[in-house]
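Enquirer: Just passing along the structure, written as structure tokens.
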Amino acid sequence: MKIVSLLTHLFFPHESNNQKAKILHPSSLLVISIILLVFQVLLSLSSRSGVKILGYASNIPVEEVVRLTNEKRAESGLSSLEYNPTLSAAAKAKGEDMLAKDYWAHVSPDGIEPWKFFTDVGYAYRYAGENLARDFSNASSAVEAWMASPTHKDNILSSKYKEIGIAVVEGDMNGVDTTIIVQLFGTKISQVPEIQPVAENTSVQATPAAVAQVAEVPVVTSIPSPTAEPSTYLTGLTQGEEEEVPTSVLVSPFISTKSISLVVVGFLMVVFVVDAAMVSKRRIARVSGRSFAHISFLGMILAIILILRSGQIL
Amino acid sequence: MKSLTRHLPHYLSLLGILFFGALGFIVFSYDKAFQVAVSIAVAVSYVAWGVMHHKLHRDYDISIIIEYLAVAILGLSIVFSLIFRV
């Protein structure tokens with residue numbers, strides 16, 4: 001009986017709650033906000049303290065990223081980029097460096113620029129570019145996110161680039177399992193007949209000085225045709241050594257937050273609707289905000305929750 | 001329902017604000033700073049709408065505005081927790 005009274009008090013307009021479901025009172029809404037924020041703090045603390053109760057991992061095939069990138073170029077009337085395992089090795093080194101040093105940036109905390117990874121593997125570039133993505137659930141959403149950003153799109157649709165290298169690196173970044181996609185673009189010195197001025201307007205651009213310091217390295221192999229064995233693509237990632245791509249899918253902090261948010265907002269909307277219906281039916285006069293306005297606002301929040309996708313680009 | 005039809009221009013303006021807020025998230029899906037700005041702008045507009053609506057309706061009370069504020073803060077908390085988790 002007490003439970004029924006409590007539920008009525010919490011979720012239905014009643015004398016005990018001044019004819020408004022207690023959970024819809026401003027004090028209760030603020031308590032819910034605080035609980036959600038505390039949950040976020042706990043999520044961050046648990047990951048930073050090394051307790052890997054949550055994480056994110058996904059299986060993104062390298063060849064899929066290459067295929068989608070070339071698809072976007074074809075749509076713009078541009079030639080396909082040739083897959084270069086040397087560039088992929090540079091991309092893998094960059095991804096591993098980010099995980100080892102816990103940074104999410106084009107330039108590492110100790111000042112290492114992306115170009116160093118090109119030169120380290122012996123890729124003598126005339127033009128070079130880098131796109132980064134993390135925590136996307138699939139290759140398509142990562143490429144779409146890059147295409148939605150003008151600077152990343154410029155890299156993907158640049159006619160200056162002839163080759164592409166991709167690495168999908170999974171590991172621990174600041175205590176959270178993270179999947180990073182490193183997409184490197186390049187054109188070797190030998191692929192440009194004459195020295196030309198470096199074009200502008202790419203998010204990450206090679207400098208002539210950096211070009212002059214390195215030796216040219218020929219392309220080892222190109223990416224196999226779409227009919228080739230999938231494992232062949234994955235070997236491109238490690239220059240011949242087959243690497244097992246993690247397939248485990250753990251619960252991600254983003255998905256946890258999204259799920260909880262959906263439940264909270266959906267539940268509150270239902271309580272608001274029931275509350276408004278009961279008050280209208282009983283013709284109760286009360287001092288309160290407009291239920292329709294609150295439901296509409298929460299509806300927008302619900303839409304935003306559904307719109308937001310995991311993943312960041314850089 | 002009577003209240004809805006009587007104040008249709010009020011509610012249409014509110015729905016317009018909310019619609020463009022959600023649209024901003026779709027169009028600038030890659031721009032975190034823009035999403036934060038849109039969230040704050042929509043939340044402030046929502047509270048401002050509440051103030052103006054109840055003033056015009058002559059049932060303005062501080063407890064009502066606190067209610068709008070509480071709903072706006074809850075919405076912002078949820079959106080921010082997702083934006084900064086992405």
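So you can find residues: chains in the structure tokens are A, B, ... in the order shown, residues in each start at 1, and ligands are numbered from 1 in order.
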Give me, as a PyMOL selection string, the residues of chain A touching chain B, with the criterion being at most 7 Å (counting only C-alpha atoms).
Expert: chain A and resi 26+29-30+33+37+40+145+148-149+254+257-258+261+288-289+297-298+300-301+303-304+307+309-312
Enquirer: Per DSSP on the backbone, what are the alpha helix (DSSP H) residues of chain B, as a VMD selection string?
Expert: chain B and resid 2 to 6 8 to 27 32 to 56 62 to 83
Enquirer: Give me, as number ranges by chain, all polymer residues having an atom no more than 12 Å from range 6-10 of chain A, counting only C-alpha atoms and skipping those fewer than 4 positions away in the same chain.
Expert: A: 1-2, 14-25, 28-29, 268, 271-272, 274-275
Enquirer: Record the distance separating CA of Glu130 in chain A and CA of Gln183 in chain A, expressed in Å with one decimal.
Expert: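 Going from CA of Glu130 in chain A over to CA of Gln183 in chain A, I get 5.7 Å.
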